Amino acid sequence: MDVALVDPSPWLIVLPLLWAMFAFLLGPGRGGRVAIVGMLVQTALAVDLAGRLIREGVRVHAVGGWGAPLGIDLHADGLTAVMLLLTQGVGLTLFVYAWVYLAEQKAKAWFWPLAGLMVAAMNALLLSADLFNIYVTLELLGLSAVALVTAGGRPAQVRAALRYLLVGLVASGAYLLGVALIYGVYGTVAIADLALRVTADAPLSIWLAGILMFVGLLAKTALFPFHFWLPPAHGSAPVPVSALLSALVVKVSFYLVLRLWLGPFAPLTDSVGWLAGLLGAAAILWGSWRALRATHLKMLVAWSTVAQLGYLFLIFPLLTPGGPALAAGVIHAVSHGLAKAAMFAAAGVLIRATGQDAIAGLTGVADRLPITLFAFGLAGVTLMGLPPSGGFLAKWLLIDAALARGQWGWVALVITGGLLAAAYVFGVLRQAFLLPTGPGHFQPVPRALEWSAFVLAAASVLIGLRASELIELLAVGGFA
Amino acid sequence: MTTGELLPLLVLASSLLPGLIIFALPENSVGLRTALNLFGAIAKLILVAVLLTGVQAGEDYGFRHTVLPGVDLLFKADALALLFVSLSTLLWFFTTVYAIGYLEDSPRRSRFFGFFSLCVTATVGLAMAGNLFTFFVFYELLTLATYPLVVHRGTPQAMKGGTVYLAYTLGGGAVLLTGIVLLHGLVGSMDFAYGGYLSALGMEQPGLLKLAFLLLMIGVGVKAAIVPFHGWLPQAMVAPAPVSALLHAVAVVKAGAFGIVRIVYEVYGVEFAGALGLLTPLAVIAAITILWGSARALAQNDLKKRLAFSTVSQVSYIALGIGLFGPLGTIGALAHLVHQGLMKITLFFCAGNFAETLGIHKVSEMNGIGRRMPVTTLAFSVAALGMIGVPPLAGYVSKQYLADGALAAGQEWAQTVLLVSALLNAAYFLPILYRAWLKSAPPSWPDEHIRAVGRRETAWLLLLPPVATALGVAAAGVLAETDFSPLHWARLIAEREYLK
């Protein structure tokens, strides 16, 4: 058999497209089984790809045998593999959750085809080797995400989705403009080529291109002050969609920021890391504060995403070759992806069981839904950055990096952020542990929902014990 | 994996696995839950006995797992670790028996015993931690595992106590983390070593080393309830009696005190800490805590609150002994770690019995209780006299060493502190004993749940644990000179610290 046929990279894009089409043909609300099987295979492919990377190093796959600059290259290094593993693993668990969750809901309408397009877009983005293909995948990702937010059909969802759509379009427009400027100067959009050509004395138009592209991507990552679209969109979407968006979609655009920052734009970004750090700091404080003030569970979780995304940007002022900051960012992205998926999934169970979304209405759920509450708590442990979770290791590395540079301000910020997270997580737990005064009305909830939330939460904590493998994988291609 | 690597992990697993299974058990499977609890507690006792004989014979037990490049999770069952591990394991066994009796027929027992087991797992992990990273991991796990126990009753009052508890302990944990990473940046992640590993730095960066010491001491001082970080302890008294016993004697407060021991002896090294001028401030703060705790205890009418302030005071004896800089003080401190645990757990068991059997919560309600509950009251009296330091009980032995240590170190003021504290101890314990034994009983008790049947003054499961630990208080004092006493073990550790 030809080696190209069994190369996992193209299949990670083709497969979700295939099952998305299939689910579309099956009709509204159907295709969940196919999607889950597809995700299982993709997970295996991602694991296989990671194994090959560790054994053989960075992989470039020329689609159709043409290769750049004529054809399309798929590029995979350690960072790609980590993100692919996260996307497939979390996606798989959330699909099981969604399958059970949507069985009784109207929102299922076109969930599965849209989810398939979204996964295909994410995988393609992660594997793309040139800026224009990335633009295409960004648009596909944005559109499928917006469509998923509206899946419930409620007016609030449509309003939030429109705002999301507008931000997404403007952001990808800015990104595309940047790509055009780059092409005009260098005549190429291949990331690897650009990394060789861009220098610190690049012309003004390259600076402009960089600003446009990063602003576009920061808006898509919902970094403060571009976060305004996230809480309504993630807070109002159907629960499985909120989980996918908060756990994965924003992480993918962060991946792109990281890729461009360390790749083509590395000569230019050195001096502006502090700016990303400051925005991250503002995100942590503002997001945590709003989460603390939230009265509704899903809004709390959504604002917590705004805060947690801030940590990802604290690494930029602290990046040093071979230093701990990059690993901190990636470990945080992975563990937050797992934890936030778990937290939305758990929130979905609590909302369904109590029939409402107010935190004040959670009295007594510790007795009724111990597994779900445990899942919520474990995910909270990761968000607070307590050991042995992945979130803890990320914070440890961040503090280490900050102290190595003598920058105590970041240390204080990371510690404060952790305590604020503890305050909003325990705000929920406290309500749940409170004894109910009356009998309370609880709807029964399928066990599969509770356990998929639990699995994700446990993974976000236990990943801390296997972080050295993650770092080993990251090292393929020179990261970490 | 060798036996030397496996044994520390088994000690952890012996409470972790039963705990995880118990979480999953339905509320009404009492038999299986009890069996799992007892199996875990007994298995841990046996494993610890094996470790004790091994370490006595000079064997090494350790397990290392690399988490990040240059950062290891390391378990090491050395002599100091085993001092704390054996204390927790033994007292966990008694507390488990007590809790089974105490929680009979109450709701949410699976959750209770699940977290109870996690709590002991965290304590044992913390005791066996071989470096500051590992110590921190379990220090925070302990916070998380105790919170659901503190708020177990689910009343608004319990939730308030739980919030105060979290605010203090998580805040302390954050400070501790900063200190640990600061040291990590200076010297990398080093293993604990007799004589300390920071002494190799010499006097190069005294400012940073002092700052790190301050951060670390605040971090562990919160759990050790050192003034002014003691505010959570009386608040956490809303928890059920077995949890109070756990907080005060087995796990939380002891974890803080143990942290002080590890940091002073095996991170800085006692000589180096002394050279940096860190020990005298530690001793002074400990002395303030001792006097403040005793003085506040005097003013409490609520029995459990009085005991809580007594803990604030008594745990700082350990810090005082360390701060005195000398082998005698060290021996006194380490022995007191164990002795205080035995005495305080007895007192809390007894307080729980008074509350559960007769509904007595206040000192003023204890008139004549010695005739209604003679065995419990006797156990209470033994422990209280031990706390005051009456020979030949456990408290006398450790306090004697502390006083000798103060003299040997030329710190006579510390002797005065010990004397004043002993008088205060007598002042808040003796009136209780007087009321209990010599005053006549009221015509009826506040809320009598459990009726006396013949000689049985309360449920057996509630009665046996305090009797056993009270016997321990007497034995640790009377048999202090034998080979397996806490004092003997403390001497072994002190020799290693001061001879290195």
# chains A, B, ... in the order shown; residues from 1 in each chain; ligands from 1
>>> interface_residues(of="chain A", to="chain B", cutoff="9 Å", atoms="only C-alpha atoms", output="PyMOL selection string")
chain A and resi 364+367+370-371+381+386-388+393+396-397+399-401+403-404+411-412+415-416+418-419+422-423+426+430-431+433-436+464-469+471
>>> write_last_selection(atoms="N, CA and C atoms", output="compact mmCIF listing (two decimals), in the first residue's frame")
# COMPACT_ATOMS: atom_id res chain seq x y z
N GLY A 364 -28.84 22.00 47.19
CA GLY A 364 -29.10 20.57 47.39
C GLY A 364 -28.66 19.66 46.27
N ASP A 367 -26.45 16.43 46.90
CA ASP A 367 -27.03 15.15 47.29
C ASP A 367 -27.58 14.39 46.10
N PRO A 370 -24.24 13.78 42.72
CA PRO A 370 -22.86 13.86 43.22
C PRO A 370 -21.81 13.75 42.13
N ILE A 371 -22.04 12.92 41.12
CA ILE A 371 -21.02 12.74 40.08
C ILE A 371 -20.81 14.04 39.32
N VAL A 381 -10.94 22.70 39.99
CA VAL A 381 -9.57 22.55 40.49
C VAL A 381 -8.58 22.95 39.40
N LEU A 386 -5.00 24.41 40.97
CA LEU A 386 -4.54 23.66 42.13
C LEU A 386 -3.99 22.31 41.68
N PRO A 387 -3.02 21.77 42.42
CA PRO A 387 -2.41 20.51 42.02
C PRO A 387 -3.37 19.34 42.16
N PRO A 388 -3.15 18.25 41.44
CA PRO A 388 -2.06 18.05 40.48
C PRO A 388 -2.48 18.38 39.06
N LEU A 393 0.21 22.99 36.73
CA LEU A 393 1.54 22.96 36.12
C LEU A 393 1.76 24.19 35.25
N TRP A 396 2.52 26.98 37.55
CA TRP A 396 3.88 26.77 38.09
C TRP A 396 4.91 27.27 37.07
N LEU A 397 4.75 26.84 35.82
CA LEU A 397 5.71 27.23 34.78
C LEU A 397 5.67 28.73 34.52
N ILE A 399 4.83 31.11 36.69
CA ILE A 399 5.46 31.80 37.81
C ILE A 399 6.97 31.63 37.72
N ASP A 400 7.38 30.43 37.37
CA ASP A 400 8.81 30.15 37.22
C ASP A 400 9.42 31.08 36.17
N ALA A 401 8.73 31.19 35.02
CA ALA A 401 9.24 32.05 33.94
C ALA A 401 9.29 33.50 34.38
N LEU A 403 9.52 34.70 37.48
CA LEU A 403 10.55 34.92 38.50
C LEU A 403 11.94 34.92 37.86
N ALA A 404 12.11 34.06 36.85
CA ALA A 404 13.41 34.00 36.18
C ALA A 404 13.75 35.36 35.57
N VAL A 411 3.63 37.29 38.67
CA VAL A 411 3.42 36.30 39.74
C VAL A 411 2.18 36.67 40.53
N ALA A 412 2.13 37.94 40.93
CA ALA A 412 0.99 38.39 41.72
C ALA A 412 -0.31 38.18 40.94
N ILE A 415 -1.34 34.43 40.80
CA ILE A 415 -1.86 34.00 42.11
C ILE A 415 -3.25 34.59 42.34
N THR A 416 -3.40 35.89 42.05
CA THR A 416 -4.70 36.52 42.24
C THR A 416 -5.77 35.86 41.37
N GLY A 418 -5.90 32.85 40.33
CA GLY A 418 -6.24 31.55 40.91
C GLY A 418 -7.23 31.71 42.06
N LEU A 419 -6.98 32.70 42.91
CA LEU A 419 -7.86 32.89 44.06
C LEU A 419 -9.24 33.37 43.61
N ALA A 422 -11.05 30.43 42.43
CA ALA A 422 -11.53 29.66 43.59
C ALA A 422 -12.82 30.29 44.12
N ALA A 423 -12.85 31.62 44.16
CA ALA A 423 -14.04 32.28 44.70
C ALA A 423 -15.27 31.98 43.85
N PHE A 426 -16.12 28.02 44.06
CA PHE A 426 -16.70 27.62 45.33
C PHE A 426 -18.03 28.32 45.59
N ARG A 430 -20.71 25.96 47.02
CA ARG A 430 -21.32 26.29 48.31
C ARG A 430 -22.83 26.17 48.21
N GLN A 431 -23.38 26.71 47.12
CA GLN A 431 -24.82 26.64 46.92
C GLN A 431 -25.26 25.18 46.80
N PHE A 433 -23.88 22.52 48.08
CA PHE A 433 -23.76 21.76 49.32
C PHE A 433 -24.82 22.14 50.35
N LEU A 434 -25.42 23.30 50.14
CA LEU A 434 -26.42 23.77 51.09
C LEU A 434 -27.60 22.80 51.11
N LEU A 435 -28.10 22.54 52.31
CA LEU A 435 -29.23 21.61 52.42
C LEU A 435 -30.49 22.28 51.89
N PRO A 436 -31.27 21.57 51.09
CA PRO A 436 -32.51 22.18 50.60
C PRO A 436 -33.51 22.33 51.74
N GLY A 464 -2.02 16.52 34.44
CA GLY A 464 -0.89 17.09 35.14
C GLY A 464 0.19 16.06 35.43
N LEU A 465 -0.22 14.81 35.60
CA LEU A 465 0.76 13.76 35.92
C LEU A 465 1.49 13.27 34.68
N ARG A 466 0.97 13.60 33.50
CA ARG A 466 1.60 13.13 32.27
C ARG A 466 2.13 14.30 31.44
N ALA A 467 2.38 15.41 32.08
CA ALA A 467 2.79 16.60 31.33
C ALA A 467 4.14 16.41 30.66
N SER A 468 4.98 15.54 31.23
CA SER A 468 6.31 15.41 30.60
C SER A 468 6.19 14.78 29.22
N GLU A 469 5.19 13.90 29.00
CA GLU A 469 4.97 13.35 27.66
C GLU A 469 4.51 14.45 26.70
N ILE A 471 5.23 17.56 26.88
CA ILE A 471 6.36 18.42 26.55
C ILE A 471 7.29 17.71 25.56
>>> residues_around(residues="Val476 (chain A)", least_positions_apart="4", cutoff="10 Å", atoms="only C-alpha atoms", output="PyMOL selection string")
chain A and resi 50+53-59+76-81+471-472+480
>>> residues_around(residues="Gln400 (chain B)", least_positions_apart="2", cutoff="12 Å", atoms="only C-alpha atoms", output="ChimeraX atom specification")
/B:317,321,328-329,331-333,335-336,388-398,402-407,415,418-419,422,477,487
>>> write_last_selection(atoms="C-alpha atoms", output="short mmCIF file (atom, residue, chain, number, x, y, z; two decimals), in the first residue's frame")
data_model
loop_
_atom_site.label_atom_id
_atom_site.label_comp_id
_atom_site.auth_asym_id
_atom_site.auth_seq_id
_atom_site.Cartn_x
_atom_site.Cartn_y
_atom_site.Cartn_z
CA TYR B 317 4.85 24.30 71.04
CA GLY B 321 10.83 23.79 70.01
CA LEU B 328 16.61 19.00 73.08
CA GLY B 329 14.17 21.49 71.62
CA ILE B 331 13.21 16.24 70.36
CA GLY B 332 10.58 18.06 72.39
CA ALA B 333 8.99 19.52 69.25
CA ALA B 335 7.57 14.28 70.36
CA HIS B 336 4.94 16.94 70.95
CA ILE B 388 -1.37 20.72 81.32
CA GLY B 389 1.81 18.67 81.56
CA VAL B 390 1.16 16.54 84.63
CA PRO B 391 3.68 13.68 84.99
CA PRO B 392 3.93 10.94 83.86
CA LEU B 393 1.59 11.67 80.93
CA ALA B 394 2.66 12.36 77.34
CA GLY B 395 2.43 16.15 77.57
CA TYR B 396 4.79 16.19 80.53
CA VAL B 397 7.51 14.43 78.55
CA SER B 398 7.49 16.75 75.56
CA LEU B 402 11.10 21.83 75.50
CA ALA B 403 11.91 23.46 78.83
CA ASP B 404 15.33 21.78 78.94
CA GLY B 405 15.88 22.85 75.35
CA ALA B 406 15.10 26.47 76.25
CA LEU B 407 17.59 26.30 79.10
CA GLN B 415 10.82 28.67 79.87
CA LEU B 418 6.01 27.44 78.92
CA LEU B 419 5.33 27.94 82.60
CA ALA B 422 0.95 25.53 81.66
CA GLY B 477 4.45 9.17 78.84
CA LEU B 487 10.11 10.12 72.12
#
>>> atom_distance(atom1="CA of Met203 (chain B)", atom2="CA of Arg262 (chain B)")
20.9 Å
>>> closest_residue(among="B:Pro446, B:Gly130, B:Leu17, B:Phe39", to="Asp72 (chain B)", atoms="only C-alpha atoms")
B:Gly130
>>> atom_distance(atom1="CA of Glu204 (chain B)", atom2="CA of Ile260 (chain B)")
23.3 Å
>>> select_by_dssp(residues="region 207-432 of chain A", states="alpha helix (DSSP H)", output="VMD selection string")
chain A and resid 207 to 221 230 to 236 239 to 244 250 to 262 266 to 269 273 to 293 297 to 314 325 to 354 365 to 368 370 to 384 390 to 404 408 to 432
>>> residues_around(residues="Arg372 (chain B)", least_positions_apart="6", cutoff="12 Å", atoms="only C-alpha atoms", output="list in words")
Asn353, Phe354, Thr357, Leu358, Met366, Leu378, Ala436, Trp437, Ser440, Ala441, Pro442, Pro443, Ser444, Trp445, Glu448, Ile450, Arg451, Ala452, Val453, Gly454, Arg455, Arg456, Glu457 and Thr458 of chain B
>>> write_last_selection(atoms="N, CA and C atoms", output="PDB file, in the first residue's frame")
ATOM      1  N   ASN B 353     -18.715  12.795  72.371  1.00  0.00           N
ATOM      2  CA  ASN B 353     -19.566  11.888  73.147  1.00  0.00           C
ATOM      3  C   ASN B 353     -20.534  12.648  74.044  1.00  0.00           C
ATOM      4  N   PHE B 354     -20.021  13.693  74.694  1.00  0.00           N
ATOM      5  CA  PHE B 354     -20.912  14.490  75.542  1.00  0.00           C
ATOM      6  C   PHE B 354     -22.048  15.068  74.703  1.00  0.00           C
ATOM      7  N   THR B 357     -24.348  12.096  73.252  1.00  0.00           N
ATOM      8  CA  THR B 357     -25.085  11.314  74.234  1.00  0.00           C
ATOM      9  C   THR B 357     -26.075  12.165  75.005  1.00  0.00           C
ATOM     10  N   LEU B 358     -25.608  13.347  75.443  1.00  0.00           N
ATOM     11  CA  LEU B 358     -26.437  14.142  76.343  1.00  0.00           C
ATOM     12  C   LEU B 358     -26.778  15.517  75.796  1.00  0.00           C
ATOM     13  N   MET B 366     -21.597  21.050  82.096  1.00  0.00           N
ATOM     14  CA  MET B 366     -20.910  19.787  82.352  1.00  0.00           C
ATOM     15  C   MET B 366     -20.936  19.347  83.811  1.00  0.00           C
ATOM     16  N   LEU B 378     -13.281  10.135  82.350  1.00  0.00           N
ATOM     17  CA  LEU B 378     -11.938   9.732  82.771  1.00  0.00           C
ATOM     18  C   LEU B 378     -10.941   9.935  81.616  1.00  0.00           C
ATOM     19  N   ALA B 436     -17.046  18.434  86.346  1.00  0.00           N
ATOM     20  CA  ALA B 436     -17.448  17.109  85.893  1.00  0.00           C
ATOM     21  C   ALA B 436     -17.469  16.111  87.043  1.00  0.00           C
ATOM     22  N   TRP B 437     -16.469  16.185  87.909  1.00  0.00           N
ATOM     23  CA  TRP B 437     -16.360  15.147  88.940  1.00  0.00           C
ATOM     24  C   TRP B 437     -16.990  15.549  90.257  1.00  0.00           C
ATOM     25  N   SER B 440     -22.659  18.462  91.459  1.00  0.00           N
ATOM     26  CA  SER B 440     -23.734  17.478  91.301  1.00  0.00           C
ATOM     27  C   SER B 440     -24.462  17.706  89.978  1.00  0.00           C
ATOM     28  N   ALA B 441     -24.992  16.616  89.468  1.00  0.00           N
ATOM     29  CA  ALA B 441     -25.607  16.643  88.146  1.00  0.00           C
ATOM     30  C   ALA B 441     -26.943  17.367  88.195  1.00  0.00           C
ATOM     31  N   PRO B 442     -27.342  18.000  87.111  1.00  0.00           N
ATOM     32  CA  PRO B 442     -28.669  18.612  87.047  1.00  0.00           C
ATOM     33  C   PRO B 442     -29.733  17.516  86.961  1.00  0.00           C
ATOM     34  N   PRO B 443     -30.973  17.858  87.240  1.00  0.00           N
ATOM     35  CA  PRO B 443     -32.033  16.831  87.199  1.00  0.00           C
ATOM     36  C   PRO B 443     -32.173  16.200  85.816  1.00  0.00           C
ATOM     37  N   SER B 444     -31.954  16.964  84.756  1.00  0.00           N
ATOM     38  CA  SER B 444     -32.031  16.344  83.436  1.00  0.00           C
ATOM     39  C   SER B 444     -30.977  16.962  82.525  1.00  0.00           C
ATOM     40  N   TRP B 445     -30.578  16.204  81.476  1.00  0.00           N
ATOM     41  CA  TRP B 445     -29.550  16.670  80.555  1.00  0.00           C
ATOM     42  C   TRP B 445     -30.208  17.435  79.415  1.00  0.00           C
ATOM     43  N   GLU B 448     -30.860  14.242  75.790  1.00  0.00           N
ATOM     44  CA  GLU B 448     -30.283  12.907  75.944  1.00  0.00           C
ATOM     45  C   GLU B 448     -30.718  12.016  74.781  1.00  0.00           C
ATOM     46  N   ILE B 450     -28.799   9.073  73.774  1.00  0.00           N
ATOM     47  CA  ILE B 450     -28.432   7.678  73.982  1.00  0.00           C
ATOM     48  C   ILE B 450     -28.564   7.387  75.472  1.00  0.00           C
ATOM     49  N   ARG B 451     -29.439   6.464  75.817  1.00  0.00           N
ATOM     50  CA  ARG B 451     -29.661   6.151  77.228  1.00  0.00           C
ATOM     51  C   ARG B 451     -28.584   5.194  77.720  1.00  0.00           C
ATOM     52  N   ALA B 452     -28.269   5.341  79.005  1.00  0.00           N
ATOM     53  CA  ALA B 452     -27.286   4.431  79.593  1.00  0.00           C
ATOM     54  C   ALA B 452     -27.929   3.059  79.766  1.00  0.00           C
ATOM     55  N   VAL B 453     -27.201   2.028  79.384  1.00  0.00           N
ATOM     56  CA  VAL B 453     -27.704   0.669  79.584  1.00  0.00           C
ATOM     57  C   VAL B 453     -26.688  -0.048  80.457  1.00  0.00           C
ATOM     58  N   GLY B 454     -27.031  -0.258  81.708  1.00  0.00           N
ATOM     59  CA  GLY B 454     -26.101  -0.898  82.631  1.00  0.00           C
ATOM     60  C   GLY B 454     -24.830  -0.081  82.731  1.00  0.00           C
ATOM     61  N   ARG B 455     -23.713  -0.712  82.437  1.00  0.00           N
ATOM     62  CA  ARG B 455     -22.431  -0.012  82.530  1.00  0.00           C
ATOM     63  C   ARG B 455     -22.091   0.755  81.261  1.00  0.00           C
ATOM     64  N   ARG B 456     -22.895   0.530  80.219  1.00  0.00           N
ATOM     65  CA  ARG B 456     -22.578   1.155  78.946  1.00  0.00           C
ATOM     66  C   ARG B 456     -23.149   2.568  78.933  1.00  0.00           C
ATOM     67  N   GLU B 457     -22.272   3.563  79.048  1.00  0.00           N
ATOM     68  CA  GLU B 457     -22.753   4.939  79.175  1.00  0.00           C
ATOM     69  C   GLU B 457     -23.123   5.551  77.831  1.00  0.00           C
ATOM     70  N   THR B 458     -22.562   5.026  76.746  1.00  0.00           N
ATOM     71  CA  THR B 458     -22.917   5.505  75.405  1.00  0.00           C
ATOM     72  C   THR B 458     -22.613   4.375  74.423  1.00  0.00           C
TER      73      THR B 458
END
>>> atom_distance(atom1="CA of Tyr268 (chain B)", atom2="CA of Ser88 (chain B)")
25.5 Å
>>> residues_around(residues="Leu462 (chain B)", least_positions_apart="6", cutoff="8 Å", atoms="only C-alpha atoms", output="PyMOL selection string")
chain B and resi 97-98+101-102+349+353
>>> write_last_selection(atoms="C-alpha atoms", output="PDB file, in the first residue's frame")
ATOM      1  CA  VAL B  97     -14.214   3.595  64.141  1.00  0.00           C
ATOM      2  CA  TYR B  98     -15.521   6.648  65.961  1.00  0.00           C
ATOM      3  CA  GLY B 101     -20.493   5.115  65.395  1.00  0.00           C
ATOM      4  CA  TYR B 102     -21.023   8.855  65.270  1.00  0.00           C
ATOM      5  CA  PHE B 349     -13.775  12.282  70.913  1.00  0.00           C
ATOM      6  CA  ASN B 353     -19.566  11.888  73.147  1.00  0.00           C
TER       7      ASN B 353
END
>>> residues_around(residues="Ser205 (chain A)", least_positions_apart="3", cutoff="7 Å", atoms="only C-alpha atoms", output="list in words")
Leu181, Leu208 and Ala209 of chain A
>>> write_last_selection(atoms="C-alpha atoms", output="short mmCIF file (atom, residue, chain, number, x, y, z; two decimals), in the first residue's frame")
data_model
loop_
_atom_site.label_atom_id
_atom_site.label_comp_id
_atom_site.auth_asym_id
_atom_site.auth_seq_id
_atom_site.Cartn_x
_atom_site.Cartn_y
_atom_site.Cartn_z
CA LEU A 181 -0.21 42.67 2.13
CA LEU A 208 0.61 46.66 9.20
CA ALA A 209 -0.10 43.13 8.01
#
>>> residues_around(residues="Tyr434 (chain B)", least_positions_apart="3", cutoff="12 Å", atoms="only C-alpha atoms", output="ChimeraX atom specification")
/B:363-364,366-370,377,381,384,426-431,437-440
>>> closest_residue(among="B:Leu25, B:Tyr197, B:Phe192, B:Thr346", to="Pro465 (chain B)", atoms="only C-alpha atoms")
B:Thr346
